[in-house]
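Trainee: Below is data34.cif; it holds mmCIF, C-alpha atoms and all ligand atoms.
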data_upload
#
loop_
_atom_site.label_atom_id
_atom_site.label_comp_id
_atom_site.auth_asym_id
_atom_site.auth_seq_id
_atom_site.Cartn_x
_atom_site.Cartn_y
_atom_site.Cartn_z
CA THR A 1 -16.92 6.65 -30.03
CA PHE A 2 -18.76 6.43 -26.74
CA PHE A 3 -22.12 6.69 -28.49
CA CYS A 4 -21.04 4.21 -31.09
CA PHE A 5 -19.88 1.66 -28.54
CA VAL A 6 -23.04 1.93 -26.46
CA PHE A 7 -25.17 1.72 -29.57
CA LEU A 8 -23.39 -1.38 -30.81
CA SER A 9 -23.18 -3.09 -27.48
CA SER A 10 -26.94 -2.92 -27.27
CA VAL A 11 -27.04 -4.98 -30.46
CA ASP A 12 -24.12 -7.27 -29.92
CA SER A 13 -21.25 -7.01 -27.53
CA GLN A 14 -18.70 -8.75 -29.75
CA VAL A 15 -18.06 -5.82 -32.01
CA GLY A 16 -17.26 -2.31 -30.89
CA CYS A 17 -15.82 0.72 -32.57
CA ASP A 18 -12.54 -0.06 -30.83
CA ASP A 19 -11.81 -2.65 -33.53
CA GLU A 20 -10.84 0.08 -35.91
CA TYR A 21 -10.50 -2.12 -38.98
CA ALA A 22 -11.60 -5.62 -39.93
CA ASP A 23 -8.69 -7.99 -40.40
CA ILE A 24 -8.56 -8.29 -44.18
CA ASP A 25 -6.05 -7.36 -46.85
CA TRP A 26 -7.48 -4.06 -48.08
CA ASP A 27 -5.25 -4.19 -51.14
CA THR A 28 -6.96 -7.25 -52.58
CA VAL A 29 -10.58 -6.06 -52.24
CA GLY A 30 -12.43 -6.13 -55.57
CA PHE A 31 -16.19 -6.39 -56.06
CA GLY A 32 -16.73 -9.82 -54.58
CA LEU A 33 -19.02 -10.20 -51.57
CA THR A 34 -17.22 -9.93 -48.25
CA PRO A 35 -19.83 -10.64 -45.57
CA THR A 36 -19.85 -7.98 -42.84
CA ASP A 37 -21.20 -7.95 -39.27
CA TYR A 38 -24.70 -6.49 -39.43
CA MET A 39 -27.67 -6.06 -41.71
CA TYR A 40 -30.80 -4.01 -41.29
CA THR A 41 -34.32 -5.35 -41.74
CA MET A 42 -37.72 -3.73 -41.57
CA ARG A 43 -41.02 -5.44 -42.32
CA CYS A 44 -44.40 -4.30 -43.48
CA SER A 45 -47.58 -6.33 -43.58
CA GLU A 46 -50.86 -6.19 -45.44
CA GLN A 47 -52.66 -4.84 -42.36
CA ASN A 48 -51.14 -1.38 -42.40
CA TYR A 49 -49.12 -1.42 -45.66
CA GLU A 50 -46.56 0.78 -43.91
CA PHE A 51 -43.03 0.26 -42.67
CA THR A 52 -42.80 1.12 -39.01
CA GLU A 53 -39.68 0.06 -37.15
CA GLY A 54 -36.57 -1.68 -38.37
CA GLN A 55 -33.62 -3.21 -36.60
CA LEU A 56 -30.01 -4.24 -36.95
CA ASN A 57 -29.24 -7.94 -36.70
CA ARG A 58 -26.20 -10.06 -37.30
CA TYR A 59 -25.61 -10.49 -41.02
CA GLY A 60 -26.99 -13.81 -42.25
CA ASN A 61 -29.49 -15.64 -44.38
CA ILE A 62 -33.12 -14.62 -44.49
CA GLU A 63 -35.98 -17.09 -44.43
CA LEU A 64 -38.58 -16.88 -47.18
CA SER A 65 -41.74 -18.74 -48.08
CA PRO A 66 -41.28 -20.70 -51.32
CA ALA A 67 -44.35 -18.75 -52.46
CA ALA A 68 -42.79 -15.33 -51.72
CA GLY A 69 -43.76 -12.76 -54.35
CA VAL A 70 -40.13 -11.91 -55.02
CA LEU A 71 -39.18 -15.52 -55.73
CA ASN A 72 -42.15 -16.34 -57.93
CA TYR A 73 -42.88 -13.11 -59.72
CA GLY A 74 -39.75 -10.99 -59.28
CA GLN A 75 -41.37 -8.36 -57.08
CA GLY A 76 -38.16 -6.79 -55.85
CA LEU A 77 -35.97 -3.69 -56.11
CA PHE A 78 -32.43 -2.93 -55.10
CA GLU A 79 -30.22 0.09 -54.67
CA GLY A 80 -26.49 0.63 -54.61
CA MET A 81 -24.62 3.27 -52.67
CA LYS A 82 -21.28 3.71 -50.94
CA ALA A 83 -20.08 4.73 -47.48
CA LEU A 84 -16.63 6.30 -47.59
CA ARG A 85 -13.96 6.92 -44.98
CA ARG A 86 -12.23 10.22 -45.62
CA GLU A 87 -8.70 11.31 -44.74
CA ASP A 88 -10.21 13.63 -42.12
CA GLY A 89 -11.78 10.56 -40.45
CA ARG A 90 -15.35 11.47 -41.43
CA LEU A 91 -17.63 8.73 -42.65
CA VAL A 92 -19.86 9.90 -45.49
CA LEU A 93 -22.62 8.86 -47.86
CA PHE A 94 -23.19 10.49 -51.24
CA ARG A 95 -26.70 11.79 -52.05
CA PRO A 96 -28.53 9.03 -50.15
CA ASP A 97 -31.82 10.88 -50.69
CA GLN A 98 -31.52 10.17 -54.42
CA ASN A 99 -31.38 6.41 -53.86
CA ALA A 100 -34.26 6.63 -51.40
CA LEU A 101 -36.33 8.53 -53.95
CA ARG A 102 -35.50 6.10 -56.74
CA MET A 103 -36.59 3.18 -54.56
CA LYS A 104 -39.86 4.96 -53.82
CA GLU A 105 -40.50 5.50 -57.53
CA GLY A 106 -39.60 1.90 -58.32
CA ALA A 107 -41.89 0.66 -55.54
CA ALA A 108 -44.83 2.53 -57.09
CA ARG A 109 -44.16 0.79 -60.44
CA MET A 110 -43.89 -2.62 -58.76
CA CYS A 111 -46.95 -2.23 -56.49
CA MET A 112 -44.88 -2.27 -53.31
CA PRO A 113 -45.01 -0.08 -50.23
CA SER A 114 -41.69 1.67 -49.69
CA PRO A 115 -39.82 3.06 -46.71
CA THR A 116 -39.97 6.84 -46.36
CA ILE A 117 -36.91 8.83 -47.44
CA THR A 118 -36.01 9.31 -43.76
CA GLN A 119 -36.43 5.61 -42.93
CA PHE A 120 -34.28 4.63 -45.93
CA ILE A 121 -31.44 7.00 -45.10
CA GLU A 122 -31.54 6.11 -41.41
CA ALA A 123 -31.36 2.38 -42.22
CA VAL A 124 -28.36 2.90 -44.50
CA ARG A 125 -26.68 5.12 -41.92
CA GLN A 126 -27.17 2.61 -39.11
CA THR A 127 -25.93 -0.28 -41.27
CA ALA A 128 -22.82 1.65 -42.28
CA ILE A 129 -22.00 2.62 -38.69
CA ALA A 130 -22.63 -0.89 -37.37
CA ASN A 131 -20.18 -2.19 -40.00
CA LYS A 132 -17.72 0.65 -39.51
CA ARG A 133 -14.70 -1.62 -39.26
CA TRP A 134 -15.48 -2.78 -42.83
CA ILE A 135 -15.34 0.73 -44.28
CA PRO A 136 -11.94 0.62 -46.04
CA PRO A 137 -9.11 2.97 -45.13
CA PRO A 138 -9.14 6.24 -47.14
CA GLY A 139 -8.27 5.66 -50.78
CA LYS A 140 -8.73 1.88 -50.57
CA GLY A 141 -12.35 1.63 -51.66
CA SER A 142 -15.66 1.95 -49.89
CA LEU A 143 -18.38 0.05 -48.11
CA TYR A 144 -20.94 -0.81 -50.76
CA MET A 145 -24.44 -0.61 -49.31
CA ARG A 146 -27.17 -2.70 -50.88
CA PRO A 147 -30.69 -1.69 -49.80
CA MET A 148 -33.37 -4.08 -51.08
CA LEU A 149 -37.16 -4.04 -51.11
CA LEU A 150 -38.71 -7.48 -51.46
CA GLY A 151 -42.20 -8.92 -51.73
CA THR A 152 -41.73 -11.57 -49.04
CA GLY A 153 -45.36 -12.60 -48.41
CA PRO A 154 -46.69 -15.79 -50.07
CA ILE A 155 -48.79 -15.38 -53.19
CA LEU A 156 -49.77 -18.09 -55.66
CA GLY A 157 -51.87 -16.29 -58.25
CA LEU A 158 -50.25 -13.24 -59.83
CA GLY A 159 -50.71 -10.24 -57.57
CA PRO A 160 -48.81 -8.02 -55.15
CA ALA A 161 -47.36 -9.96 -52.18
CA PRO A 162 -49.15 -9.57 -48.84
CA GLU A 163 -45.92 -8.76 -46.94
CA TYR A 164 -42.72 -6.84 -47.65
CA MET A 165 -39.23 -6.62 -46.30
CA PHE A 166 -36.78 -3.76 -46.65
CA LEU A 167 -33.21 -4.74 -45.88
CA VAL A 168 -29.74 -3.27 -46.12
CA TYR A 169 -26.54 -5.27 -46.25
CA ALA A 170 -23.00 -4.13 -46.92
CA SER A 171 -19.70 -5.31 -48.33
CA PRO A 172 -16.34 -3.58 -48.71
CA VAL A 173 -15.51 -3.03 -52.39
CA ARG A 174 -12.99 -1.33 -54.60
CA ASN A 175 -12.85 -1.74 -58.39
CA TYR A 176 -15.94 -3.17 -60.06
CA PHE A 177 -14.16 -4.55 -63.10
CA LYS A 178 -11.29 -7.00 -63.06
CA GLU A 179 -9.53 -4.50 -65.33
CA GLY A 180 -9.21 -2.30 -62.20
CA SER A 181 -9.24 1.30 -63.38
CA ALA A 182 -7.90 0.36 -66.84
CA PRO A 183 -10.10 1.25 -69.86
CA LEU A 184 -13.04 -1.05 -70.61
CA ASN A 185 -13.66 -2.95 -73.81
CA LEU A 186 -17.38 -2.92 -74.57
CA TYR A 187 -19.37 -5.08 -76.94
CA ILE A 188 -22.52 -3.77 -78.60
CA GLU A 189 -25.22 -6.37 -78.13
CA GLN A 190 -27.21 -7.24 -81.26
CA GLU A 191 -29.39 -10.16 -80.26
CA PHE A 192 -30.81 -9.16 -76.87
CA ASP A 193 -32.41 -5.96 -75.56
CA ARG A 194 -32.19 -4.71 -71.99
CA ALA A 195 -35.44 -2.79 -71.77
CA SER A 196 -38.51 -2.13 -73.84
CA ARG A 197 -40.92 0.78 -74.18
CA GLY A 198 -43.39 0.67 -71.30
CA GLY A 199 -41.24 -1.84 -69.41
CA THR A 200 -39.20 -1.42 -66.24
CA GLY A 201 -35.83 -0.30 -67.63
CA GLY A 202 -36.13 3.00 -65.78
CA ILE A 203 -36.37 1.49 -62.30
CA LYS A 204 -33.92 -0.62 -60.36
CA THR A 205 -35.91 -3.82 -60.25
CA ILE A 206 -34.06 -7.10 -59.81
CA SER A 207 -35.82 -8.41 -62.89
CA ASN A 208 -33.82 -6.10 -65.17
CA TYR A 209 -30.60 -7.84 -64.25
CA GLY A 210 -31.17 -11.60 -64.61
CA PRO A 211 -31.86 -11.37 -68.35
CA ALA A 212 -28.62 -9.38 -68.79
CA LEU A 213 -26.57 -12.37 -67.66
CA ARG A 214 -26.56 -14.36 -70.87
CA PRO A 215 -25.29 -11.50 -73.08
CA LEU A 216 -22.81 -10.56 -70.32
CA VAL A 217 -21.41 -14.06 -69.93
CA LYS A 218 -21.10 -14.41 -73.71
CA ALA A 219 -19.30 -11.06 -74.02
CA LYS A 220 -16.96 -11.84 -71.11
CA SER A 221 -16.08 -15.21 -72.64
CA LYS A 222 -14.86 -13.25 -75.67
CA GLY A 223 -12.72 -10.99 -73.50
CA PHE A 224 -15.03 -7.97 -73.30
CA SER A 225 -15.63 -6.09 -70.04
CA ASP A 226 -19.37 -5.51 -70.45
CA VAL A 227 -22.23 -5.16 -72.91
CA LEU A 228 -23.68 -1.95 -74.36
CA TYR A 229 -27.38 -2.17 -75.26
CA LEU A 230 -29.23 -0.46 -78.08
CA ASP A 231 -32.85 0.70 -77.94
CA SER A 232 -35.37 -2.05 -78.54
CA VAL A 233 -37.57 -0.13 -81.00
CA HIS A 234 -35.02 0.82 -83.69
CA GLY A 235 -31.92 -1.08 -82.58
CA LYS A 236 -30.12 2.13 -83.40
CA TYR A 237 -29.71 4.37 -80.35
CA ILE A 238 -27.40 3.55 -77.47
CA GLU A 239 -29.05 3.02 -74.09
CA GLU A 240 -26.81 1.75 -71.30
CA VAL A 241 -24.25 -0.82 -70.26
CA SER A 242 -25.51 -3.66 -68.04
CA SER A 243 -23.67 -2.19 -65.05
CA CYS A 244 -23.66 1.56 -65.76
CA ASN A 245 -24.83 4.56 -67.79
CA ILE A 246 -22.91 5.66 -70.85
CA PHE A 247 -21.48 9.03 -71.98
CA MET A 248 -19.56 10.16 -75.07
CA VAL A 249 -17.38 13.20 -75.75
CA LYS A 250 -16.95 14.75 -79.17
CA GLU A 251 -15.04 18.03 -79.60
CA ASN A 252 -15.40 18.70 -75.87
CA ILE A 253 -19.20 18.38 -75.92
CA ILE A 254 -20.46 15.68 -73.58
CA SER A 255 -23.54 13.68 -74.57
CA THR A 256 -25.55 10.95 -72.90
CA PRO A 257 -28.87 9.29 -73.76
CA PRO A 258 -31.92 10.84 -72.07
CA VAL A 259 -33.67 8.89 -69.30
CA LYS A 260 -37.14 8.24 -70.64
CA GLY A 261 -38.23 4.98 -69.10
CA THR A 262 -35.79 2.52 -70.66
CA ILE A 263 -32.59 3.79 -69.04
CA LEU A 264 -31.73 3.70 -65.35
CA PRO A 265 -31.69 7.24 -63.90
CA GLY A 266 -28.24 6.89 -62.34
CA VAL A 267 -27.30 9.02 -59.35
CA THR A 268 -23.71 9.12 -60.61
CA ARG A 269 -24.99 9.96 -64.11
CA LYS A 270 -26.96 12.92 -62.78
CA SER A 271 -24.08 14.10 -60.57
CA ILE A 272 -21.53 13.87 -63.39
CA ILE A 273 -23.81 15.93 -65.65
CA GLU A 274 -23.95 18.67 -62.99
CA ILE A 275 -20.22 18.52 -62.25
CA ALA A 276 -19.42 18.74 -65.97
CA ARG A 277 -21.68 21.77 -66.42
CA ASP A 278 -20.12 23.42 -63.36
CA LEU A 279 -16.70 22.85 -64.92
CA GLY A 280 -17.93 24.67 -68.02
CA TYR A 281 -18.67 21.76 -70.36
CA ARG A 282 -21.68 21.67 -72.59
CA VAL A 283 -23.71 18.55 -71.74
CA GLU A 284 -26.50 17.26 -73.94
CA GLU A 285 -29.05 14.62 -73.00
CA ARG A 286 -30.32 13.36 -76.34
CA PRO A 287 -30.66 10.21 -78.41
CA ILE A 288 -27.26 9.04 -79.68
CA ALA A 289 -27.16 6.77 -82.72
CA VAL A 290 -24.58 4.02 -82.55
CA GLU A 291 -22.80 5.43 -85.64
CA GLU A 292 -22.27 8.69 -83.77
CA LEU A 293 -20.84 6.87 -80.76
CA LEU A 294 -18.33 5.15 -83.00
CA GLU A 295 -17.13 8.58 -84.17
CA ALA A 296 -16.67 9.94 -80.62
CA ASP A 297 -13.31 11.06 -79.20
CA GLU A 298 -14.02 9.59 -75.79
CA VAL A 299 -16.54 7.26 -74.15
CA PHE A 300 -17.03 6.53 -70.46
CA GLY A 301 -19.47 4.79 -68.13
CA THR A 302 -20.87 6.09 -64.84
CA GLY A 303 -22.46 4.26 -61.93
CA THR A 304 -22.17 3.78 -58.20
CA ALA A 305 -20.28 0.53 -58.59
CA VAL A 306 -18.12 1.52 -61.59
CA VAL A 307 -17.80 5.24 -60.61
CA VAL A 308 -16.46 6.89 -63.82
CA ALA A 309 -14.95 4.20 -66.04
CA PRO A 310 -13.08 5.09 -69.24
CA VAL A 311 -13.93 3.01 -72.31
CA GLY A 312 -10.91 2.08 -74.42
CA SER A 313 -12.74 0.28 -77.21
CA ILE A 314 -16.17 -0.61 -78.52
CA THR A 315 -16.80 -3.54 -80.84
CA HIS A 316 -19.77 -3.25 -83.17
CA LEU A 317 -20.63 -5.86 -85.80
CA GLY A 318 -17.08 -7.18 -85.71
CA GLU A 319 -15.47 -3.75 -86.02
CA ARG A 320 -13.40 -2.42 -83.11
CA VAL A 321 -13.16 1.32 -82.52
CA GLU A 322 -10.72 2.83 -80.01
CA TYR A 323 -11.07 5.91 -77.88
CA ARG A 324 -8.88 8.37 -76.06
CA THR A 325 -8.15 7.43 -72.43
CA ASP A 326 -5.09 9.52 -71.49
CA ASP A 327 -4.61 11.53 -68.32
CA ASN A 328 -5.96 14.71 -69.91
CA SER A 329 -9.22 13.09 -70.96
CA VAL A 330 -12.57 14.58 -69.99
CA SER A 331 -13.53 11.45 -68.04
CA LYS A 332 -10.36 11.70 -65.90
CA ARG A 333 -11.20 15.33 -65.12
CA LEU A 334 -14.75 14.46 -64.16
CA LEU A 335 -13.66 11.49 -62.07
CA SER A 336 -11.15 13.68 -60.19
CA ALA A 337 -13.78 16.32 -59.44
CA TYR A 338 -16.32 13.70 -58.33
CA VAL A 339 -13.82 11.97 -56.01
CA ALA A 340 -12.60 15.35 -54.70
CA ILE A 341 -16.13 16.41 -53.72
CA GLN A 342 -16.76 13.10 -51.96
CA ASN A 343 -13.47 13.25 -50.11
CA GLY A 344 -13.70 16.89 -49.09
CA PHE A 345 -10.85 18.11 -51.33
CA MET A 346 -13.28 20.20 -53.37
CA GLU A 347 -16.11 22.24 -51.89
CA ASP A 348 -19.42 20.41 -51.72
CA LYS A 349 -21.53 23.38 -52.80
CA LYS A 350 -24.71 21.37 -53.26
CA GLY A 351 -24.79 19.48 -49.97
CA TRP A 352 -24.36 16.10 -51.68
CA VAL A 353 -22.06 14.65 -49.06
CA VAL A 354 -23.83 13.46 -45.91
CA GLU A 355 -21.80 12.74 -42.82
CA ILE A 356 -23.04 9.73 -40.88
C1 LIG B 1 -24.49 -0.04 -58.82
O1 LIG B 1 -23.75 0.63 -59.54
O2 LIG B 1 -24.60 0.21 -57.62
C2 LIG B 1 -25.31 -1.12 -59.35
O3 LIG B 1 -26.29 -1.42 -58.76
C3 LIG B 1 -24.90 -1.83 -60.59
C4 LIG B 1 -24.76 -3.30 -60.33
C5 LIG B 1 -24.67 -4.03 -61.64
C6 LIG B 1 -23.57 -3.60 -59.47
#
Please go through the file and, once you have read it, give me the structure as structure tokens.
Ligand code: COI
Mentor:
Amino acid sequence: TFFCFVFLSSVDSQVGCDDEYADIDWDTVGFGLTPTDYMYTMRCSEQNYEFTEGQLNRYGNIELSPAAGVLNYGQGLFEGMKALRREDGRLVLFRPDQNALRMKEGAARMCMPSPTITQFIEAVRQTAIANKRWIPPPGKGSLYMRPMLLGTGPILGLGPAPEYMFLVYASPVRNYFKEGSAPLNLYIEQEFDRASRGGTGGIKTISNYGPALRPLVKAKSKGFSDVLYLDSVHGKYIEEVSSCNIFMVKENIISTPPVKGTILPGVTRKSIIEIARDLGYRVEERPIAVEELLEADEVFGTGTAVVVAPVGSITHLGERVEYRTDDNSVSKRLLSAYVAIQNGFMEDKKGWVVEI
């Protein structure tokens, strides 16, 4: 606490670790943005093309040139991760190196310099600690961390921006969907594709998400929770949901589409595959035709924001298929194990949980 107070008072004397919790109703937190106290920024210019030193500042707007690469040509990436407060009082992140690595890979695809793995993790750690009073009480959600890499320098003709900014902001969150933890109702999109062969579906660029809005808004207006996309070549194999990866279970065998450039390599996806195998399940990463999905016993989504979300129904070409979502389902078992590892109720054999 002493370190924390000194550290914070050097940034701003208004907030100290003595304010244990922010004054909000933790029971009504959903996935809306709740502005917190601090954000982290780090800049990099054309001269050295390297990020050197970042800093914490009060959370607020950033100023950008109207000609910024990110605004004009979508040169930007984001990440999503969560800081948790455990019953034992420890504050933890989950596999932050995986998000750092994914940003680095995305940056290479988008012609951007990226922070090193160490710089990335340190920035997230500092932002989480500076906003400690916004990390919800145990069992009431988490502090969602949003690292971003943006082409901030002005550029008129198409080309990589001359300057970049890496930033991290945070917001307390709980359930991603308005359904809470109730099963989702997905709609299989026919008209629009999420990603194409050779495109950017496999990285977390901001430009993958804007085009998903129209199908999402249309599906939500019809009462669905989210949209499930098919592959753009055959319109036959399932790819992912706009907010998460997708899994199916048939006769206790778990299957999920392989990540080969058009599907986001989710950190939760990867972790759930390992947890499932450790629990003795057979897990296959292979193309799954939509007809096969409709025959599954169980379907669930995985992602940082959605965690492990059971799917209660899928609607395809006007036909609605329902799935098992009871307490003995595979997805419930996987969710329990995942949450138990994060919260220290199950041994973290792989060193996934990082105390901050
Ligand atoms: C996340 O799960 O962290 C994401 O970035 C998905 C986003 C649609 C909220």
Trainee: Could you give me, as a PDB file with C-alpha atoms, in the frame of the given file, the residues within 9 Å of Ser65 (chain A), counting all atoms listed in the file and dropping anything in the same chain fewer than 5 positions from it?
Mentor:
ATOM      1  CA  LEU A  71     -39.180 -15.520 -55.730  1.00  0.00           C
ATOM      2  CA  THR A 152     -41.730 -11.570 -49.040  1.00  0.00           C
ATOM      3  CA  GLY A 153     -45.360 -12.600 -48.410  1.00  0.00           C
ATOM      4  CA  PRO A 154     -46.690 -15.790 -50.070  1.00  0.00           C
TER       5      PRO A 154
END
Trainee: Please provide as a list in words all residues within 12 Å of Leu156 (chain A), with the sequence filter that same-chain residues fewer than 5 positions apart are discarded (counting all atoms listed in the file).
Mentor: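 Those residues are Ser65, Pro66, Ala67, Ala68, Gly69, Val70, Leu71, Asn72, Tyr73, Ala161 and Pro162 of chain A.
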Trainee: List the neighbours of Val241 (chain A) out to 7 Å using only C-alpha atoms; skip same-chain residues closer than 2 positions along the sequence, and give me the result as a list in words.
Mentor: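 Using only C-alpha atoms, the neighbours found are Asp226, Val227, Leu228, Tyr229, Ser243, Cys244, Asn245 and Ile246 of chain A.
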Trainee: If the box runs along x, y and z of the file and leaves 8 Å on each side of ligand LIG 1 (chain B), what are its centre and edge lengths in Å, one decimal, as lines of an AutoDock Vina configuration file?
Mentor:
center_x = -24.9
center_y = -1.7
center_z = -59.6
size_x = 18.7
size_y = 20.7
size_z = 20.0
Trainee: Hey, could you make a per-residue contact list for chain A against ligand LIG 1 (chain B) with 6 Å as the cut-off, showing the nearest pair of atoms and its distance in Å to one decimal, counting all atoms listed in the file, sorted by chain and number, as a tab-separated table?
Mentor:
residue	atom	partner	partner_atom	distance
A:Glu79	CA	B:LIG1	O3	5.9
A:Gly80	CA	B:LIG1	O2	3.6
A:Met81	CA	B:LIG1	O2	5.8
A:Ser243	CA	B:LIG1	C5	4.0
A:Gly303	CA	B:LIG1	O1	4.5
A:Thr304	CA	B:LIG1	O1	3.8
A:Ala305	CA	B:LIG1	O1	3.6
